[in-house]
Every structure is written in C-alpha cells, then in structure tokens.
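A short write-up of the structure that comes next.
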Protein chains: 2
Amino acid sequence: MATIKEIAKKAGVGVGTVSRYLNDHPYVSEDKRKKIQAAIDELDYTPSAIATQLRSQSTKNIGVLVSRLANPFFAELFDAIERKLNLYGYQVLVSQTHDDSAAEQRFLDQLKNHQVDGVILASVENHELVRSFAQAYPQKVILLNEENKYQDIQSVTLNHYQATFDALNYLFNQGNHHFVYITGGNYDVKSHGYSRTKAFQDFAKQHQLSINPDWIFSQKHTAADGQEIARNLIKNSKNTLPDAIFTNSDEVAIGLIDELQKNNISVPKDIAVMGYDDQPFARFAAVPLTTIRQPISAMANKAVNILLRSLTGQDVPENITNEDLKLKLIIRKSA
Amino acid sequence: MATIKEIAKKAGVGVGTVSRYLNDHPYVSEDKRKKIQAAIDELDYTPSAIATQLRSQSTKNIGVLVSRLANPFFAELFDAIERKLNLYGYQVLVSQTHDDSAAEQRFLDQLKNHQVDGVILASVENHELVRSFAQAYPQKVILLNEENKYQDIQSVTLNHYQATFDALNYLFNQGNHHFVYITGGNYDVKSHGYSRTKAFQDFAKQHQLSINPDWIFSQKHTAADGQEIARNLIKNSKNTLPDAIFTNSDEVAIGLIDELQKNNISVPKDIAVMGYDDQPFARFAAVPLTTIRQPISAMANKAVNILLRSLTGQDVPENITNEDLKLKLIIRKSA
DNA sequence: TCGTTTAATGGAATCGATTCCATGTATTAA
DNA sequence: TTAATACATGGAATCGATTCCATTAAACGA
C-alpha cells in the first residue's frame, strides 16, 4: 500500500503539504493540489486509519455492549444506535456478553487500550467493574436502560419501576392474584432489571400477595426458556396453577404461551401472560402479546446525543423529551 | 495514560526489555520481570492497541456486513460468527447496509485503510464493487451465503436453487398452481438471492405455469411488507387469488399470514405460505411456518475457518462437512 | 586459556500519519 | 521605501508500540 511519503515524492512536494491537502487546510496552492491528487489517483492511495488514529489519539469508534443480539429488542436498539452514530461519522463495534462478565471485561478493556473512543452499555453484568471504568473515564461511558445506582455515571434510564407496577395493576384488576414472575437477571438487588423486580416485590406487599418461591424464575431469556418454565409449572403445581405470568421478555412470553396451549391451558382465559419490550414479533404471536413497549429509537438517540456531547464537548442537539422516553402498556390478547 | 517509555523509566530498564516482557519473549531476567510488573501495576498500564496495530500491521479486527441485523436470521448469523472469531482473539465490527450500496462502500473502505484485517460479506449490493475489492485483497474477503458469479472470490455457498426448487415442488404436489413469488432482492440476474429466483423461473417453465407479473414482489423484508402485499393481493386480484406464496423470509411470511387471516383467508387452506430461514420465531407464529431452515452455525463456522486460514496461513481446522451445510425443508402448518 | 555460544540488555529505527517550526515569497499598510 | 502580514512550503518531531542491531556478561567446549 502506498503511503503519504510516496505520494509526496511522486507529486514532488513535502509530506506536510500532502497532509494539508488531505485535511482541507488552506495554504495549498492550486498547482500542488492537482499534482497531489494525480499522485493519489495513480497510486490508489488511502490514508491509513491506524496511523491517523495514533497521531490524533482518537478512533471515531464507539463500542456498544448488549447481552444478546439475537434478542430482537437489542437488535433494534443496536440498529438505532448505529444509524445515529454513522450520521456523525462514527463506526460501531458491538459485543455480546451472553451473561458472561469476562466478556464484559474484555469489552471494557478496549476503552483502556484506545480501541474505542467511548462505550454504550446496554447491558451490565458486573456493576463494580463497570463503575470503576466509568470513574476512570467519566465522559466515555454511558449506561443505556440499565440500573444506575451511582449518580456519577452518565445514563439514560426509563421508569421501569412504574411501568411494571402499572402492568401488574392491570393484571390484578382483571382479577388475577396468583403471580409468576420471570426475570432475565437475578431476583436480587444487585441484578440488572432490579427496578422491575422491586416493583413486583412492592406490588406483592401492597396487595398482600403471597409469593411462591417456586414461581420466581431468574436468568430466563429465550422462547425455549419460556417453554421449559411452562412445563415446570404444569408438572410441579399439581392442582394449583397461577392465573398470571409477568415475564421480562416477549421471547419468554411466546415460549410460555406455546407450551401452555399445547397443554390445553388457554391464554388469557386460564392464565394471563404479560410480555416486555413489544418486539416486532409480539403482535404476530399465536396469541398477540399484551406487553410493555420500549421507546427504542428515542433511547438510542438520547444515549448517542449525550455520549457525543461529553466526548467532543461540541453541541449535539438535545431533541429527546421525557415524553419520548415513556414506556407504554400495549394491550392485545395475552392479558 | 501511561506509555511503555514511562514503564521503562520507572522500572529502570529499556523500552525493548519492557516490550519483550509484555510479549513473553525469553531473555528477560527474573529480576527485571518483577520490576517491570511492579511499574505496570503502579501506573495501571495497558499497551495501546493502536500503536501495536500500526507497528504490527494487523488489527485483529474482522468486519461483518449484513443487510439488516433486526432480521433474526442475520442476528443469529452474526452471533455465531462472533463466538467463533472471539475464540481466535478477533474483535468483530458489524455494519448494516440497509440495501444501500454507499454503506457497503464505506464498509469495504475499512479494508483499504487497514481498520480491519478481513471481511465477511453476508450481503452484497454492488457486485462490481465487491469484486474489485475481492481482487485487490483476495485473502481478506469472503462471501457468505451470497451468489458468487466469479470463482476468484472465496465463499461459502449453499444450494438455494435446489432448496427452492424442492420447496416449490412440495407446494405444487399439494395441488397449488398459482404462485406468488416474493424476494428480498430484485427479480433479475444481478440481484442477490438470484439463484432462488432462478429456481422459481425454471420451476414455472417446467410446469408451464403462467407467471403473473403482479404477483412478483421485490425488495420485501419485513412483516409490514408482508401485510402490505397481502392487502395488495386482496385488493387487486378481484376474484382470483393465488393458492400459494413463496416468500424469501419468515418475517414477510408472518406479516402475510396475519393480514390474510384478518381478511378471513385461511392459511394454508385457501393459500399456502412458504417461509425461508426458519427464524427462531417461525414455530411460534399464529400459523406455525413451513419454511426452509438455514444451517446458521455451520455456515458461520465454515466462513470463519476459511477466512482465518487464508489470512494467517496457519492451520484452522476444517470440520464442517457438506452435509452440515444442507438446507432443510421444515414442514409445519402454513403449507 | 581462549574462542564460541547463549543470555540479557539498551536504544535507535520503524510503522504512517499530523503538526509545529523555520524559512521564503508575495501582498498590503503607512 | 520599509515594516508588517498573509500565503506556501519542506521537513523534523511526535504519537506508542516492536524489532533489529550492537554490546556486554556469563557459560561452555576443547
């Protein structure tokens, strides 16, 4: 590959002049412009991004971390983020954790070794780890849709507590009192998704519902997980079945419904099922899902806006309102 | 951030020694090892990946190009590719074309400017463009699941022609003779997905089916597209409706079925619908999809194997057989 | 004992761009 | 006419690693 030196030589000018030409600096005569461009064309020259990055100490790369891209929610989120970042000339590097905090570590290390200028974390496994990075690089890290226990980390957060509470209320008011709760995280304070779980716990307390520990499921993500839960429920609960299931993912909901119906349990008549995300597919399910819609594109845009602003100091329009970031209960057939 | 120079200074050794230590070269005394490690710990040093990349002329980054990650097929494909590449210490950069060849151009330029060591193209818009890159960097480019008109480009290809032909035969043998054909590409030779289209054309010829030009749809990808097609079909075809629809995507199939049913057209009784991909969701659709399953993980592994081998010259196990790469008709309810 | 490997080490050169500095010429102001 | 700016340019220094080369010390063989 040709280098800037070769271009300079071929054009009969200094490397400085070539660089100035490439970067649209003034102070390059028309005469040399032509010669330089000719040399570039002739040698099919493209500047080495790596060299530029080293010298300029900036990569124009942003890392995005999600737990699993095969989850349509994350795929759509990534899509929105990429579109927005491309607008500003950034490339995007995605990584998936698959719930593995070692993968998260490797991802974050890219900040340290300057592979990326900043990161958007749409998933966090190890809060301590993330926090230590966020403190080391406060402008370079932003949490998206994750619990933020520490005010010192930039983040865009939605009110999942309220949305979950409202959805549970909706189920309750339909006469459901025996709940199954399924989360993608763990059923404790340190887990991601805890504000939803907290809402469930508070809700149960408020209505004095007894929580059956066998009806709490953790780290469930896929339709296959949902099917398994349904089987488990049917097998273990002898004569008592729940009357409502709150999932934290449409995928799980779909698996559940499929398996329940196969066992002649009607949704929503026998059991109501509440999804989460309003994934593209939700409306097309065998029983169209009642679910909580996340405002994906608004979330993505806001996160990118904030990150770019803090990264470059330059003014990036703030055009996302709190209204745009509202979660919304979508009522279909499953509950 | 600390640099290797500062480490050298703090440890009282030369930069060469530090570098040797970092890269596990022999010829570093136990004594200095300790001092260097102490300095590294104290200054929280991490080598700059950019500098290393510049010097070593290799990035350990691979680019993956897909048309749309929100398509579950591509999301799963990406997932499989990423898992495999991580195993070998590579990072992955994804880009989406969204059918825009300018995006493809930008993506490929990363090869030229050394942002990536190689690329996997699971989608191609502009064949000429891709070919010119493939010729400039023959070992660095591999096509995955795309038409390969030129034998000079590395690729892994499946027999979509045969799979499509077989699926059409299946539909035909059920008594369907009036076909709608829907592709994600264009209905011509230059388009991606043409071997499927060719199979359809040959099939029609063989059975002397008349092709209704109003029943050919191009560049359709989403469930919304499917719904629109269904509406279009119903509105325009007065008293004649097709009896079978061959789609090139489960997503489209799902939208179709939804809209047809809303109009009291029964699937598969009135119209049979054939999907493509066997996306995770296919089995959970309102009418579980009859579709053609793509061997995603085998495809991904094979592509990565070939690419890494041609990139590094080193031996990467070839453990994917042709049997693993077979497309398979999955019969459910929609046809 | 002396020549020959082997082990350790420091530091300059290098990868390919950008930017600062020095220098020179042309233009304008007074 | 002269001083002050503006315009153009070449090339060295720099970003932060790796690697080659030169040098020295220790171990080895005969």
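If you're wondering about the labels, chains in the structure tokens are A, B, ... by order shown, residues count from 1 in each chain, ligands from 1 in order shown.
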
Checklist outcome for this item: If chain B is superposed onto chain A by least squares over all C-alpha atoms in order, the resulting RMSD is 0.0 Å

Could you give me, as a tab-separated table, a per-residue list for chain D showing, wherever an atom lies at most 10 Å from an atom of chain B, the closest pair of atoms and their distance in Å to one decimal, using only C-alpha atoms (C1' of nucleotides) and sorting by chain then residue number from low to high?
```
residue	atom	partner	partner_atom	distance
D:DC15	C1'	B:Ala51	CA	8.1
D:DG16	C1'	B:Ala51	CA	5.1
D:DA17	C1'	B:Ala51	CA	4.8
D:DT18	C1'	B:Arg55	CA	6.3
D:DT19	C1'	B:Gly16	CA	8.4
```

For C-alpha atoms (C1' of nucleotides), I'd like the residues from the last selection saved as a PDB file, in the first residue's frame.
```pdb
ATOM      1  C1'  DC D  15       2.017   9.511  18.719  1.00  0.00           C
ATOM      2  C1'  DG D  16       3.338   4.402  21.337  1.00  0.00           C
ATOM      3  C1'  DA D  17       4.449   0.265  20.372  1.00  0.00           C
ATOM      4  C1'  DT D  18       8.006  -3.623  18.149  1.00  0.00           C
ATOM      5  C1'  DT D  19      12.265  -5.231  16.381  1.00  0.00           C
TER       6       DT D  19
END
```

Next on the checklist: For a quick test of understanding: name the residues of chain C lying within 7 Å of chain A when counting only C-alpha atoms (C1' of nucleotides), and present them as a list of chain:residue names.
Outcome noted: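 So the residues of chain C near chain A are C:DG16, C:DA17, C:DT18.
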
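One distance worth recording is that between atom CA of Leu209 of chain A and atom CA of Val180 of chain A, which is 11.4 Å.
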
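Every protein, DNA or RNA residue with an atom at most 10 Å from Glu228 of chain A, where only C-alpha atoms (C1' of nucleotides) count and chain neighbours fewer than 4 positions away do not, is listed here: A:Lys220, A:Thr222, A:Ala223, A:Ala224, A:Asn232, A:Leu233, A:Ile234, A:Val252, A:Gly255, A:Leu256, A:Glu259.
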
For those residues, write N, CA and C atoms to a file as a tab-separated table (two decimals), in the first residue's frame.
```
chain	number	residue	atom	x	y	z
A	220	LYS	N	-33.88	-15.97	32.66
A	220	LYS	CA	-34.61	-16.58	31.54
A	220	LYS	C	-34.68	-15.58	30.40
A	222	THR	N	-35.02	-16.82	26.59
A	222	THR	CA	-35.46	-17.27	25.27
A	222	THR	C	-36.84	-17.93	25.30
A	223	ALA	N	-37.36	-18.14	24.11
A	223	ALA	CA	-38.62	-18.86	23.98
A	223	ALA	C	-38.49	-20.26	24.56
A	224	ALA	N	-37.33	-20.86	24.36
A	224	ALA	CA	-37.11	-22.20	24.92
A	224	ALA	C	-37.18	-22.14	26.45
A	232	ASN	N	-42.46	-26.89	33.59
A	232	ASN	CA	-42.16	-26.94	35.02
A	232	ASN	C	-43.38	-26.58	35.86
A	233	LEU	N	-44.06	-25.52	35.47
A	233	LEU	CA	-45.25	-25.07	36.19
A	233	LEU	C	-46.31	-26.16	36.24
A	234	ILE	N	-46.54	-26.71	35.04
A	234	ILE	CA	-47.59	-27.73	34.93
A	234	ILE	C	-47.25	-28.97	35.73
A	252	VAL	N	-39.68	-14.90	26.04
A	252	VAL	CA	-40.10	-15.87	27.04
A	252	VAL	C	-41.61	-16.06	26.99
A	255	GLY	N	-42.73	-18.41	24.23
A	255	GLY	CA	-42.48	-19.81	24.55
A	255	GLY	C	-43.51	-20.34	25.54
A	256	LEU	N	-43.79	-19.52	26.52
A	256	LEU	CA	-44.77	-19.89	27.55
A	256	LEU	C	-46.12	-20.19	26.91
A	259	GLU	N	-46.33	-23.41	24.89
A	259	GLU	CA	-46.35	-24.64	25.68
A	259	GLU	C	-47.64	-24.77	26.49
```

Item to check | Straight-line distance linking atom CA of Leu121 of chain A with atom CA of Phe73 of chain B, stated in Å to one decimal | outcome: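 Taking atom CA of Leu121 of chain A and atom CA of Phe73 of chain B, their separation equals 23.8 Å.
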
Item to check | All residues 10 Å or closer to DA4 of chain D, only C-alpha atoms (C1' of nucleotides), same chain fewer than 2 positions away omitted, as a list in words | outcome: DT28 and DA29 of chain C; DT2 and DA6 of chain D

Would you save the residues from that selection as a tab-separated table (two decimals), in the first residue's frame, using N, CA and C atoms (P, O5', C5', C4', C3', O3' and C1' of nucleotides)?
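Final file, out-v4.tsv:
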```tsv
chain	number	residue	atom	x	y	z
C	28	DT	P	-2.91	42.83	-2.16
C	28	DT	O5'	-2.85	43.76	-0.89
C	28	DT	C5'	-3.16	43.22	0.41
C	28	DT	C4'	-2.54	44.10	1.48
C	28	DT	C3'	-2.90	45.58	1.38
C	28	DT	O3'	-3.72	45.93	2.49
C	28	DT	C1'	-0.60	45.24	1.92
C	29	DA	P	-4.26	47.37	2.70
C	29	DA	O5'	-3.21	47.94	3.75
C	29	DA	C5'	-2.93	47.21	4.94
C	29	DA	C4'	-2.03	48.05	5.83
C	29	DA	C3'	-2.40	49.52	5.92
C	29	DA	O3'	-2.16	49.95	7.26
C	29	DA	C1'	-0.22	49.33	5.01
D	2	DT	P	14.41	51.04	2.05
D	2	DT	O5'	13.39	50.72	3.23
D	2	DT	C5'	12.97	51.77	4.10
D	2	DT	C4'	11.93	51.23	5.05
D	2	DT	C3'	12.25	49.85	5.64
D	2	DT	O3'	11.87	49.83	7.01
D	2	DT	C1'	10.15	49.77	4.59
D	6	DA	P	-2.64	38.93	8.94
D	6	DA	O5'	-2.39	38.25	7.51
D	6	DA	C5'	-2.87	38.91	6.35
D	6	DA	C4'	-2.46	38.11	5.13
D	6	DA	C3'	-2.91	36.64	5.16
D	6	DA	O3'	-3.48	36.35	3.88
D	6	DA	C1'	-0.59	36.77	4.74
```

Next on the checklist: With 7 Å as the limit and counting only C-alpha atoms, what residues in chain B lie close to chain A? Please list them as a list in words.
Outcome noted: Thr46, Pro47, Ser48, Ala49, Ile50, Ala51, Leu54, Leu69, Ala70, Pro72, Ala75, Glu76, Asp79, Val92, Leu93, Val94, Lys112, Asn113, His114, Gln115, Ile254, Asp258, Phe284, Ala285 and Ala286 of chain B

Save the residues we just selected, N, CA and C atoms, as a PDB file, in the first residue's frame?
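Once written, again_15.pdb looks like this:
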```pdb
ATOM      1  N   THR B  46      -1.714  -0.200  30.289  1.00  0.00           N
ATOM      2  CA  THR B  46      -2.189  -1.129  29.249  1.00  0.00           C
ATOM      3  C   THR B  46      -1.595  -0.660  27.927  1.00  0.00           C
ATOM      4  N   PRO B  47      -1.007  -1.559  27.172  1.00  0.00           N
ATOM      5  CA  PRO B  47      -0.410  -1.154  25.891  1.00  0.00           C
ATOM      6  C   PRO B  47      -1.483  -0.572  24.969  1.00  0.00           C
ATOM      7  N   SER B  48      -1.117   0.406  24.196  1.00  0.00           N
ATOM      8  CA  SER B  48      -2.043   0.993  23.241  1.00  0.00           C
ATOM      9  C   SER B  48      -2.229   0.067  22.050  1.00  0.00           C
ATOM     10  N   ALA B  49      -3.460  -0.350  21.880  1.00  0.00           N
ATOM     11  CA  ALA B  49      -3.751  -1.268  20.774  1.00  0.00           C
ATOM     12  C   ALA B  49      -3.437  -0.603  19.437  1.00  0.00           C
ATOM     13  N   ILE B  50      -3.694   0.683  19.353  1.00  0.00           N
ATOM     14  CA  ILE B  50      -3.469   1.394  18.100  1.00  0.00           C
ATOM     15  C   ILE B  50      -1.986   1.361  17.711  1.00  0.00           C
ATOM     16  N   ALA B  51      -1.148   1.656  18.667  1.00  0.00           N
ATOM     17  CA  ALA B  51       0.286   1.651  18.377  1.00  0.00           C
ATOM     18  C   ALA B  51       0.736   0.255  17.940  1.00  0.00           C
ATOM     19  N   LEU B  54      -0.374  -0.390  14.447  1.00  0.00           N
ATOM     20  CA  LEU B  54       0.407   0.320  13.439  1.00  0.00           C
ATOM     21  C   LEU B  54       1.719  -0.412  13.179  1.00  0.00           C
ATOM     22  N   LEU B  69     -29.627  -6.140  10.795  1.00  0.00           N
ATOM     23  CA  LEU B  69     -29.456  -7.006  11.964  1.00  0.00           C
ATOM     24  C   LEU B  69     -30.778  -7.321  12.645  1.00  0.00           C
ATOM     25  N   ALA B  70     -31.763  -6.482  12.415  1.00  0.00           N
ATOM     26  CA  ALA B  70     -33.063  -6.740  13.026  1.00  0.00           C
ATOM     27  C   ALA B  70     -33.731  -7.954  12.383  1.00  0.00           C
ATOM     28  N   PRO B  72     -33.798 -11.573  12.244  1.00  0.00           N
ATOM     29  CA  PRO B  72     -33.280 -12.577  13.172  1.00  0.00           C
ATOM     30  C   PRO B  72     -32.283 -13.546  12.539  1.00  0.00           C
ATOM     31  N   ALA B  75     -29.071 -11.750  12.744  1.00  0.00           N
ATOM     32  CA  ALA B  75     -28.652 -11.616  14.140  1.00  0.00           C
ATOM     33  C   ALA B  75     -28.032 -12.920  14.619  1.00  0.00           C
ATOM     34  N   GLU B  76     -28.669 -14.017  14.271  1.00  0.00           N
ATOM     35  CA  GLU B  76     -28.138 -15.315  14.684  1.00  0.00           C
ATOM     36  C   GLU B  76     -26.830 -15.632  13.962  1.00  0.00           C
ATOM     37  N   ASP B  79     -24.169 -13.691  15.572  1.00  0.00           N
ATOM     38  CA  ASP B  79     -23.859 -14.293  16.861  1.00  0.00           C
ATOM     39  C   ASP B  79     -22.883 -15.455  16.687  1.00  0.00           C
ATOM     40  N   VAL B  92     -14.978  -8.102  16.402  1.00  0.00           N
ATOM     41  CA  VAL B  92     -15.845  -8.028  15.241  1.00  0.00           C
ATOM     42  C   VAL B  92     -16.484  -6.647  15.106  1.00  0.00           C
ATOM     43  N   LEU B  93     -16.421  -6.118  13.922  1.00  0.00           N
ATOM     44  CA  LEU B  93     -17.115  -4.875  13.585  1.00  0.00           C
ATOM     45  C   LEU B  93     -18.258  -5.220  12.647  1.00  0.00           C
ATOM     46  N   VAL B  94     -19.494  -4.932  13.034  1.00  0.00           N
ATOM     47  CA  VAL B  94     -20.610  -5.180  12.114  1.00  0.00           C
ATOM     48  C   VAL B  94     -21.023  -3.899  11.454  1.00  0.00           C
ATOM     49  N   LYS B 112      -9.237  -1.102   2.994  1.00  0.00           N
ATOM     50  CA  LYS B 112      -8.189  -0.307   2.372  1.00  0.00           C
ATOM     51  C   LYS B 112      -7.398   0.485   3.402  1.00  0.00           C
ATOM     52  N   ASN B 113      -8.112   1.049   4.335  1.00  0.00           N
ATOM     53  CA  ASN B 113      -7.411   1.887   5.308  1.00  0.00           C
ATOM     54  C   ASN B 113      -6.994   1.106   6.547  1.00  0.00           C
ATOM     55  N   HIS B 114      -7.056  -0.203   6.439  1.00  0.00           N
ATOM     56  CA  HIS B 114      -6.496  -1.069   7.475  1.00  0.00           C
ATOM     57  C   HIS B 114      -7.197  -1.048   8.809  1.00  0.00           C
ATOM     58  N   GLN B 115      -8.473  -0.735   8.806  1.00  0.00           N
ATOM     59  CA  GLN B 115      -9.201  -0.796  10.066  1.00  0.00           C
ATOM     60  C   GLN B 115      -9.519  -2.248  10.427  1.00  0.00           C
ATOM     61  N   ILE B 254     -44.827 -14.049   7.989  1.00  0.00           N
ATOM     62  CA  ILE B 254     -45.635 -13.794   9.185  1.00  0.00           C
ATOM     63  C   ILE B 254     -46.601 -12.638   8.973  1.00  0.00           C
ATOM     64  N   ASP B 258     -50.757 -12.969   8.872  1.00  0.00           N
ATOM     65  CA  ASP B 258     -51.550 -12.136   9.764  1.00  0.00           C
ATOM     66  C   ASP B 258     -52.634 -11.391   8.997  1.00  0.00           C
ATOM     67  N   PHE B 284     -43.473 -20.332  16.334  1.00  0.00           N
ATOM     68  CA  PHE B 284     -44.452 -19.781  17.273  1.00  0.00           C
ATOM     69  C   PHE B 284     -45.474 -18.870  16.614  1.00  0.00           C
ATOM     70  N   ALA B 285     -45.418 -18.776  15.324  1.00  0.00           N
ATOM     71  CA  ALA B 285     -46.343 -17.883  14.630  1.00  0.00           C
ATOM     72  C   ALA B 285     -47.786 -18.358  14.779  1.00  0.00           C
ATOM     73  N   ALA B 286     -48.698 -17.456  14.501  1.00  0.00           N
ATOM     74  CA  ALA B 286     -50.118 -17.776  14.610  1.00  0.00           C
ATOM     75  C   ALA B 286     -50.410 -19.064  13.844  1.00  0.00           C
TER      76      ALA B 286
END
```

Item to check | Secondary structure check, helix (DSSP H, G or I) residues of segment 156-216 of chain A, as an NGL selection string | outcome: :A and (160-173 or 194-206 or 213-215)

Checklist entry - When you draw a straight line from atom CA of Gly275 of chain B to atom CA of Asp250 of chain B, how long is it in Å? => result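 Taking atom CA of Gly275 of chain B and atom CA of Asp250 of chain B, their separation equals 4.5 Å.
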
Checklist entry - Using only C-alpha atoms (C1' of nucleotides), which residues sit within 6 Å of segment 156-166 of chain A once same-chain residues fewer than 5 positions away are excluded, as a PyMOL selection string? => result chain A and resi 144-145+195-196+199

Got time to write the residues from that selection, all heavy atoms, as a CSV table (one decimal), in the first residue's frame?
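And here's selection_20.csv as it stands now:
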```
chain,number,residue,atom,x,y,z
A,144,LEU,N,-27.2,2.6,29.2
A,144,LEU,CA,-28.4,2.7,28.5
A,144,LEU,C,-29.4,1.7,29.0
A,144,LEU,O,-29.2,0.5,28.8
A,144,LEU,CB,-28.2,2.5,26.9
A,144,LEU,CG,-29.4,2.6,26.1
A,144,LEU,CD1,-30.3,3.8,26.3
A,144,LEU,CD2,-29.0,2.5,24.6
A,145,ASN,N,-30.5,2.2,29.6
A,145,ASN,CA,-31.5,1.3,30.0
A,145,ASN,C,-31.1,0.3,31.1
A,145,ASN,O,-31.6,-0.8,31.2
A,145,ASN,CB,-32.1,0.5,28.8
A,145,ASN,CG,-33.5,0.2,29.0
A,145,ASN,OD1,-34.2,0.9,29.8
A,145,ASN,ND2,-34.0,-0.8,28.4
A,195,SER,N,-35.1,-2.9,39.2
A,195,SER,CA,-36.2,-2.0,39.4
A,195,SER,C,-37.5,-2.6,39.1
A,195,SER,O,-38.6,-2.3,39.7
A,195,SER,CB,-36.0,-0.6,38.8
A,195,SER,OG,-36.0,-0.8,37.4
A,196,ARG,N,-37.5,-3.5,38.1
A,196,ARG,CA,-38.8,-4.2,37.8
A,196,ARG,C,-39.1,-5.2,38.9
A,196,ARG,O,-40.2,-5.3,39.3
A,196,ARG,CB,-38.6,-5.0,36.4
A,196,ARG,CG,-38.1,-4.1,35.3
A,196,ARG,CD,-38.1,-4.9,34.0
A,196,ARG,NE,-37.3,-4.2,33.0
A,196,ARG,CZ,-37.1,-4.7,31.8
A,196,ARG,NH1,-37.6,-5.9,31.4
A,196,ARG,NH2,-36.4,-4.0,30.9
A,199,ALA,N,-40.4,-3.5,41.8
A,199,ALA,CA,-41.8,-3.1,41.6
A,199,ALA,C,-42.7,-4.3,41.9
A,199,ALA,O,-43.7,-4.2,42.6
A,199,ALA,CB,-42.1,-2.7,40.2
```

May I have the residues within 12 Å of DA30 of chain D as a CSV table (one decimal) with N, CA and C atoms (P, O5', C5', C4', C3', O3' and C1' of nucleotides), in the first residue's frame, using only C-alpha atoms (C1' of nucleotides) and disregarding those fewer than 5 positions away in the same chain?
```csv
chain,number,residue,atom,x,y,z
C,1,DT,P,44.2,-18.8,32.7
C,1,DT,O5',44.5,-19.9,31.5
C,1,DT,C5',45.7,-19.8,30.8
C,1,DT,C4',45.3,-19.8,29.3
C,1,DT,C3',44.5,-18.5,28.9
C,1,DT,O3',45.1,-18.0,27.7
C,1,DT,C1',43.3,-20.5,28.4
C,2,DC,P,44.6,-16.6,27.2
C,2,DC,O5',43.8,-17.0,25.9
C,2,DC,C5',44.2,-18.0,25.0
C,2,DC,C4',43.1,-18.4,24.1
C,2,DC,C3',42.2,-17.3,23.6
C,2,DC,O3',41.9,-17.5,22.2
C,2,DC,C1',40.9,-18.8,24.7
C,3,DG,P,41.4,-16.3,21.3
C,3,DG,O5',40.2,-16.9,20.5
C,3,DG,C5',40.4,-18.0,19.6
C,3,DG,C4',39.1,-18.8,19.6
C,3,DG,C3',37.9,-18.1,19.0
C,3,DG,O3',37.3,-19.0,18.1
C,3,DG,C1',37.4,-18.8,21.2
C,4,DT,P,36.1,-18.5,17.2
C,4,DT,O5',34.8,-19.1,17.9
C,4,DT,C5',34.8,-20.5,18.2
C,4,DT,C4',33.4,-20.8,18.9
C,4,DT,C3',32.2,-20.0,18.4
C,4,DT,O3',31.1,-21.0,18.3
C,4,DT,C1',32.4,-19.7,20.7
```

Item to check | Long-range neighbours of Thr17 of chain A as a ChimeraX atom specification, 12 Å cut-off, only C-alpha atoms (C1' of nucleotides), 2 positions minimum in chain | outcome: /A:4-5,7-9,11-15,19-33,35-37 /C:18-19 /D:8-11
